[in-house]
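Chemist: This structure is in structure tokens; I'll ask about it shortly.
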Amino acid sequence: MLSRFMSGSIRNLEREYSCTVRLLDDTEYTCTIQRDAKGQYLFDLICHHLNLLEKDYFGIRYVDPDKQRHWLEVTKSIAKQMKSQPPFTMCLRVKFYPPEPAALKEEITRYLVFLQIKRDLYHGRLLCKTSDAAMLAAHILQAEIGDYDPGKHPEGYSSKFQFFPKHSERLERRIADLHKTELIGQTPETSERNFLQKAQMLETYGVDPHPCKDVSGNPAFLAFTPFGFVVLQGNKRVHFLRWNEVTKLKFEGKTFNVYANQKEIILTYFAPTPEACKHLWKCGVENQAFYKLEKSSQVRTVSSSNLFFKGSRFRYSGRVAKEVMEQSSKIKREPPEIHRSGLVPSRSCPSITHGPRLTSVPRTRRRAVHISIMEGLESLRDSAHSTPVRSVSHGESFMPRSRSQATVGSERTAVISDEAYSPSDSVLPTPVADHSMEQAVSRQINGAPCSIEEEKESEAGTPMRGEVGDFGGAQEGAGGDLSLSEVEQVNKFVLSVLRLLLVTIGLLFVLLLLLIILTESDLDIAFLRDIRQTPEFEQFHYEYFCPLRRWFACKLRWVGGLLINK
């Protein structure tokens, strides 16, 4: 708390801040920004550094000291958005997933999206059948280490790489077989394009879920895809609304409402905190504007409440998807050089970098990962198709199976997933720029180094372990939560009615005063003359207004006399 109070004074004293942005290949870009620099300035710096033109799909993400994720707003000052002390630490991520990533115009854009989806695969967010998983992993191997070479790649070399949260020996052998036989001769660009084409067809592509509860207290995950709004519970999708079906997104406190034009359907969910609910709402507003609108001139400021005088207001700033694709088609330049740091021509099998790292090396080098893969973090990436999710058996459930389980059921069609989707089961450290000892100790407990130079972002933005317990026990206290939520809803409704009544009375009083001033003035306007000639106005003027004016004049002379005597 003390650091938060100090941060304001520090920002006022400093004219420049150091800012580090962790890129998708895990390298870091450090720069110095002015105190009043806006988010657009930093974002343009990063895109210029990457030689990136199709930049509208990307954004800069940061995590505040309360472990809440945010997207950096390009129209606002960076210093005013950050709640932590400088130096600031952020991450470049894909903000709007392209509906057809393999069809992107430039190779550099496809490569960055490839890195993002590879991270999704690594963290258990891009889920798929074993056959699809093997092909995706083989494409990653081909793109990053090239053709199979017996002299460089000994028996079992694919087991040295971690592509998924969990996988079996059988899957490792299948990955190696595909890499050795079917992908020989493919360039990194071709392998990456084939990887994107495969990934975009999966049912879990394009979703960035937010943990919530439904009205019964059951855990649910809300997400916005290039194709609409989706709700996931357990191992299946329970709601899917296309963007042209979604009419309004509203929130108040922890309550998030989705309105659809199908008989005015209202879906209500409860976020863990008001801040998480506001972030969910802003993400929904941005995704709806980006994917639904024809042009950016149609973007309007959106209110979080149905009442104009309360709630948050937010406006998406940027181009929409159709404008981005039109602009991309006009790009004519020599393809920029791409430095793929994953290609390591070493006799020993390199570790493909996926997500957070535990070892510290200079910033100009990539950091290898030797950690065991966490169980499925937060995301499901929903499909581009509108077909409902099929029912899933134990052999085709949505979360990673252990190696022993996969070996026993190797004859069945397997899925890189567990029996229940629970993205809060494992939590990675977050990039909070707080240097207190308490957070340093907590980072050590979570298995991360104390230095904020290490990868500390939770890709899922899930609650910490203390919060996970409460989230997991929601079903036990469903009755109490439901009754409490009903009381809260009644209280909020009463307060809204009272506010509306007070505002209405105030507006009527102001309008009455304004009308009196106008009628008693010397303005010669037709409708004012008509009012002055009515018997009611003459009675009001002589019986009320004139005596009141004389009384005010007398009081003013009396107060003036007192001031003069003093």
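Residues in the structure tokens are numbered from 1 in each chain, the chains being A, B, ... in the order shown, and ligands are numbered from 1 in the order shown.
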Pick out each residue of stretch 16-142 of chain A that DSSP on the backbone tags as strand (DSSP E); I need them as a ChimeraX atom specification.

Modeler: /A:16-22,28-34,58-63,69-71,88-94

Chemist: What does the file look like for those residues with N, CA, C and O atoms, as a short mmCIF file (atom, residue, chain, number, x, y, z; two decimals), in the first residue's frame?

Modeler:
```
data_model
loop_
_atom_site.label_atom_id
_atom_site.label_comp_id
_atom_site.auth_asym_id
_atom_site.auth_seq_id
_atom_site.Cartn_x
_atom_site.Cartn_y
_atom_site.Cartn_z
N GLU A 16 11.36 11.01 -17.17
CA GLU A 16 11.49 9.89 -18.09
C GLU A 16 11.39 8.59 -17.29
O GLU A 16 11.79 8.53 -16.13
N TYR A 17 10.84 7.58 -17.95
CA TYR A 17 10.71 6.27 -17.32
C TYR A 17 11.35 5.22 -18.21
O TYR A 17 11.32 5.32 -19.43
N SER A 18 11.88 4.18 -17.57
CA SER A 18 12.38 3.03 -18.30
C SER A 18 11.24 2.03 -18.47
O SER A 18 10.49 1.75 -17.53
N CYS A 19 11.11 1.51 -19.67
CA CYS A 19 10.01 0.59 -19.98
C CYS A 19 10.57 -0.61 -20.74
O CYS A 19 11.29 -0.45 -21.72
N THR A 20 10.25 -1.81 -20.27
CA THR A 20 10.68 -3.05 -20.91
C THR A 20 9.47 -3.80 -21.43
O THR A 20 8.53 -4.06 -20.67
N VAL A 21 9.50 -4.15 -22.70
CA VAL A 21 8.41 -4.90 -23.32
C VAL A 21 8.95 -6.26 -23.74
O VAL A 21 9.92 -6.33 -24.51
N ARG A 22 8.36 -7.31 -23.23
CA ARG A 22 8.77 -8.66 -23.57
C ARG A 22 8.03 -9.08 -24.84
O ARG A 22 6.80 -9.07 -24.88
N GLU A 28 13.62 -9.07 -25.18
CA GLU A 28 13.08 -7.89 -24.51
C GLU A 28 13.54 -6.63 -25.22
O GLU A 28 14.68 -6.52 -25.67
N TYR A 29 12.62 -5.70 -25.31
CA TYR A 29 12.90 -4.39 -25.90
C TYR A 29 12.77 -3.35 -24.79
O TYR A 29 11.69 -3.18 -24.21
N THR A 30 13.86 -2.67 -24.49
CA THR A 30 13.88 -1.67 -23.43
C THR A 30 14.06 -0.29 -24.03
O THR A 30 14.91 -0.09 -24.90
N CYS A 31 13.26 0.64 -23.56
CA CYS A 31 13.34 2.00 -24.07
C CYS A 31 13.04 2.98 -22.94
O CYS A 31 12.61 2.58 -21.85
N THR A 32 13.28 4.24 -23.22
CA THR A 32 12.97 5.31 -22.27
C THR A 32 11.85 6.15 -22.86
O THR A 32 11.92 6.58 -24.01
N ILE A 33 10.82 6.37 -22.06
CA ILE A 33 9.67 7.14 -22.53
C ILE A 33 9.49 8.39 -21.67
O ILE A 33 9.88 8.41 -20.50
N GLN A 34 8.95 9.41 -22.26
CA GLN A 34 8.67 10.64 -21.53
C GLN A 34 7.49 10.43 -20.58
O GLN A 34 6.68 9.53 -20.76
N PHE A 58 -2.24 -6.76 -32.84
CA PHE A 58 -1.42 -6.91 -31.64
C PHE A 58 -1.73 -5.81 -30.64
O PHE A 58 -2.34 -4.79 -30.95
N GLY A 59 -1.30 -6.03 -29.42
CA GLY A 59 -1.47 -5.06 -28.36
C GLY A 59 -0.43 -5.28 -27.28
O GLY A 59 0.27 -6.30 -27.26
N ILE A 60 -0.34 -4.33 -26.37
CA ILE A 60 0.60 -4.42 -25.25
C ILE A 60 -0.20 -4.69 -23.99
O ILE A 60 -1.14 -3.97 -23.66
N ARG A 61 0.18 -5.73 -23.29
CA ARG A 61 -0.53 -6.15 -22.08
C ARG A 61 0.36 -5.93 -20.86
O ARG A 61 1.57 -6.12 -20.92
N TYR A 62 -0.26 -5.55 -19.76
CA TYR A 62 0.47 -5.44 -18.50
C TYR A 62 -0.43 -5.94 -17.37
O TYR A 62 -1.64 -6.11 -17.54
N VAL A 63 0.18 -6.21 -16.23
CA VAL A 63 -0.54 -6.73 -15.07
C VAL A 63 -0.29 -5.78 -13.91
O VAL A 63 0.86 -5.41 -13.63
N ARG A 69 -5.04 -8.24 -15.27
CA ARG A 69 -4.50 -7.93 -16.59
C ARG A 69 -5.19 -6.71 -17.19
O ARG A 69 -6.36 -6.45 -16.91
N HIS A 70 -4.45 -6.00 -18.04
CA HIS A 70 -5.00 -4.86 -18.76
C HIS A 70 -4.34 -4.81 -20.14
O HIS A 70 -3.18 -5.21 -20.30
N TRP A 71 -5.06 -4.28 -21.10
CA TRP A 71 -4.46 -3.91 -22.39
C TRP A 71 -4.12 -2.42 -22.31
O TRP A 71 -4.94 -1.61 -21.89
N PHE A 88 8.70 0.06 -15.88
CA PHE A 88 7.49 -0.67 -16.23
C PHE A 88 7.84 -1.91 -17.06
O PHE A 88 8.73 -1.88 -17.89
N THR A 89 7.11 -2.99 -16.80
CA THR A 89 7.30 -4.24 -17.54
C THR A 89 5.99 -4.63 -18.21
O THR A 89 4.95 -4.69 -17.54
N MET A 90 6.03 -4.87 -19.51
CA MET A 90 4.83 -5.23 -20.27
C MET A 90 5.16 -6.34 -21.25
O MET A 90 6.31 -6.77 -21.35
N CYS A 91 4.15 -6.80 -21.96
CA CYS A 91 4.33 -7.88 -22.94
C CYS A 91 3.57 -7.55 -24.22
O CYS A 91 2.47 -7.01 -24.16
N LEU A 92 4.16 -7.90 -25.34
CA LEU A 92 3.48 -7.80 -26.63
C LEU A 92 2.76 -9.11 -26.89
O LEU A 92 3.38 -10.18 -26.81
N ARG A 93 1.48 -9.05 -27.18
CA ARG A 93 0.69 -10.24 -27.43
C ARG A 93 -0.29 -9.99 -28.57
O ARG A 93 -0.56 -8.85 -28.93
N VAL A 94 -0.83 -11.07 -29.12
CA VAL A 94 -1.90 -10.95 -30.11
C VAL A 94 -3.17 -10.56 -29.37
O VAL A 94 -3.61 -11.28 -28.47
#
```

Chemist: I'd like the contact shell of stretch 102-105 of chain A - 7 Å cut-off, only C-alpha atoms, skipping same-chain residues fewer than 2 positions apart - returned as an MDAnalysis selection string.

Modeler: chainID A and resid 100 107 109:110 193 196:197 328:329

Chemist: Atom CA of A:Arg174 and atom CA of A:His339 are how many Å apart?

Modeler: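 Spanning atom CA of A:Arg174 to atom CA of A:His339 is a straight-line distance of 28.8 Å.
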
Chemist: Using only C-alpha atoms, which of the listed residues (A:Val238, A:Leu178, A:Ala271, A:Ala260) sits closest to A:Asp147?

Modeler: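 When distances to A:Asp147 are compared using only C-alpha atoms, the smallest one comes from A:Leu178.
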
Chemist: Quote the spacing between atom CA of A:Arg242 and atom CA of A:Lys129 in Å to one decimal place.

Modeler: 25.5 Å

Chemist: Restricting the calculation to only C-alpha atoms, which member of A:Gly124, A:Phe537, A:Arg119, A:Met82 is positioned closest to A:Pro65?

Modeler: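 Checking each candidate against A:Pro65, we get A:Met82 as the closest.
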
Chemist: Counting only C-alpha atoms, what is within 8 Å of A:Phe163, bar same-chain residues fewer than 3 positions away, as number ranges by chain?

Modeler: A: 118, 121-122, 137, 354

Chemist: With N, CA, C and O atoms retained, export the selected residues as a PDB file, in the first residue's frame.

Modeler:
```
ATOM      1  N   LYS A 118       1.851 -20.862 -30.739  1.00  0.00           N
ATOM      2  CA  LYS A 118       2.743 -21.842 -30.136  1.00  0.00           C
ATOM      3  C   LYS A 118       2.729 -21.721 -28.614  1.00  0.00           C
ATOM      4  O   LYS A 118       2.769 -22.732 -27.890  1.00  0.00           O
ATOM      5  N   LEU A 121      -0.434 -23.348 -27.409  1.00  0.00           N
ATOM      6  CA  LEU A 121      -0.281 -24.799 -27.396  1.00  0.00           C
ATOM      7  C   LEU A 121       0.506 -25.236 -26.164  1.00  0.00           C
ATOM      8  O   LEU A 121       0.152 -26.192 -25.483  1.00  0.00           O
ATOM      9  N   TYR A 122       1.551 -24.518 -25.869  1.00  0.00           N
ATOM     10  CA  TYR A 122       2.432 -24.849 -24.736  1.00  0.00           C
ATOM     11  C   TYR A 122       1.696 -24.720 -23.403  1.00  0.00           C
ATOM     12  O   TYR A 122       1.874 -25.524 -22.493  1.00  0.00           O
ATOM     13  N   ALA A 137       3.018 -30.168 -33.529  1.00  0.00           N
ATOM     14  CA  ALA A 137       4.355 -30.218 -32.933  1.00  0.00           C
ATOM     15  C   ALA A 137       5.419 -30.506 -33.981  1.00  0.00           C
ATOM     16  O   ALA A 137       6.532 -29.953 -33.925  1.00  0.00           O
ATOM     17  N   HIS A 354       9.067 -21.744 -25.101  1.00  0.00           N
ATOM     18  CA  HIS A 354       7.616 -21.591 -25.053  1.00  0.00           C
ATOM     19  C   HIS A 354       7.282 -20.900 -23.753  1.00  0.00           C
ATOM     20  O   HIS A 354       7.300 -21.509 -22.710  1.00  0.00           O
TER      21      HIS A 354
END
```

Chemist: For A:Ala223, list every protein, DNA or RNA residue within 8 Å, evaluated using only C-alpha atoms, and leave out those in the same chain fewer than 5 positions away; present the list as number ranges by chain.

Modeler: A: 207-210, 229-231

Chemist: Identify which of the residues A:Asp120, A:Glu106, A:Asp132, A:Asp530 lies closest to A:Pro165, counting only C-alpha atoms when measuring atom-to-atom distances.

Modeler: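 The shortest atom-to-atom distance to A:Pro165 comes from A:Asp120.
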
Chemist: When you look at A:Ser191 with a cut-off of 12 Å (counting only C-alpha atoms), what residues show up, excluding the ones that are within fewer than 2 positions of it in the same chain? I need them as an mmCIF file with C-alpha atoms, in the first residue's frame.

Modeler:
```cif
data_model
loop_
_atom_site.group_PDB
_atom_site.id
_atom_site.type_symbol
_atom_site.label_atom_id
_atom_site.label_comp_id
_atom_site.auth_asym_id
_atom_site.auth_seq_id
_atom_site.Cartn_x
_atom_site.Cartn_y
_atom_site.Cartn_z
ATOM 1 C CA ALA A 102 -2.337 -18.270 -42.786
ATOM 2 C CA GLU A 107 5.568 -13.241 -43.396
ATOM 3 C CA ARG A 110 2.437 -14.709 -39.738
ATOM 4 C CA TYR A 111 5.589 -15.476 -37.778
ATOM 5 C CA PHE A 114 2.767 -18.412 -35.089
ATOM 6 C CA MET A 135 1.184 -32.651 -36.666
ATOM 7 C CA LEU A 136 1.309 -29.238 -34.972
ATOM 8 C CA ALA A 137 4.355 -30.218 -32.933
ATOM 9 C CA ALA A 138 6.061 -31.665 -36.014
ATOM 10 C CA HIS A 139 5.541 -28.357 -37.838
ATOM 11 C CA ILE A 140 7.124 -26.522 -34.890
ATOM 12 C CA LEU A 141 10.127 -28.871 -35.016
ATOM 13 C CA GLN A 142 10.513 -28.394 -38.756
ATOM 14 C CA ALA A 143 10.229 -24.604 -38.470
ATOM 15 C CA GLU A 144 12.720 -24.299 -35.639
ATOM 16 C CA ILE A 145 15.362 -27.008 -36.182
ATOM 17 C CA GLY A 146 14.928 -27.763 -39.893
ATOM 18 C CA ASP A 147 15.117 -31.177 -41.574
ATOM 19 C CA HIS A 179 9.134 -34.760 -38.691
ATOM 20 C CA GLU A 182 6.336 -35.991 -44.081
ATOM 21 C CA LEU A 183 7.944 -32.580 -43.535
ATOM 22 C CA ILE A 184 11.340 -33.053 -45.137
ATOM 23 C CA GLY A 185 12.308 -30.073 -47.288
ATOM 24 C CA GLN A 186 9.814 -27.588 -45.868
ATOM 25 C CA THR A 187 11.208 -24.118 -45.199
ATOM 26 C CA PRO A 188 10.440 -22.366 -41.892
ATOM 27 C CA GLU A 189 7.940 -20.118 -43.677
ATOM 28 C CA ARG A 193 1.991 -21.381 -42.686
ATOM 29 C CA ASN A 194 0.936 -25.042 -42.506
ATOM 30 C CA PHE A 195 0.924 -24.798 -38.717
ATOM 31 C CA LEU A 196 -1.405 -21.785 -38.863
ATOM 32 C CA GLN A 197 -3.718 -23.488 -41.351
ATOM 33 C CA LYS A 198 -3.967 -26.493 -39.037
#
```

Chemist: Between atom CA of A:Lys95 and atom CA of A:Leu112, what is the distance, to one decimal in Å?

Modeler: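 Between atom CA of A:Lys95 and atom CA of A:Leu112 the gap works out to 11.9 Å.
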
Chemist: I'd like a table as a tab-separated table: residues in stretch 226-253 of chain A with an atom no more than 10 Å from stretch 284-296 of chain A, each row giving the shortest atom pair and its distance in Å to one decimal, only C-alpha atoms counted, sorted by chain and rising residue number.

Modeler:
```
residue	atom	partner	partner_atom	distance
A:Pro226	CA	A:Tyr291	CA	6.1
A:Phe227	CA	A:Tyr291	CA	7.4
A:Gly228	CA	A:Gln288	CA	7.7
A:Phe229	CA	A:Gly284	CA	8.2
A:Arg242	CA	A:Lys292	CA	9.3
A:Trp243	CA	A:Lys292	CA	6.0
A:Asn244	CA	A:Lys292	CA	6.8
A:Val246	CA	A:Gln288	CA	8.4
A:Thr247	CA	A:Gln288	CA	9.6
A:Lys248	CA	A:Val285	CA	8.9
A:Leu249	CA	A:Val285	CA	7.1
A:Lys250	CA	A:Val285	CA	9.4
```

Chemist: Go through A:Arg557, A:Lys254, A:Arg550, A:Arg340 one by one, measure the shortest atom-to-atom distance of each to A:Glu192 using only C-alpha atoms, and give the residue with the smallest value.

Modeler: A:Arg340

Chemist: Nearest to A:Gln200: which of A:Ile117, A:Leu280, A:Asp149, A:Asn257 is it, counting only C-alpha atoms?

Modeler: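 Selected residue with least distance to A:Gln200: A:Ile117.
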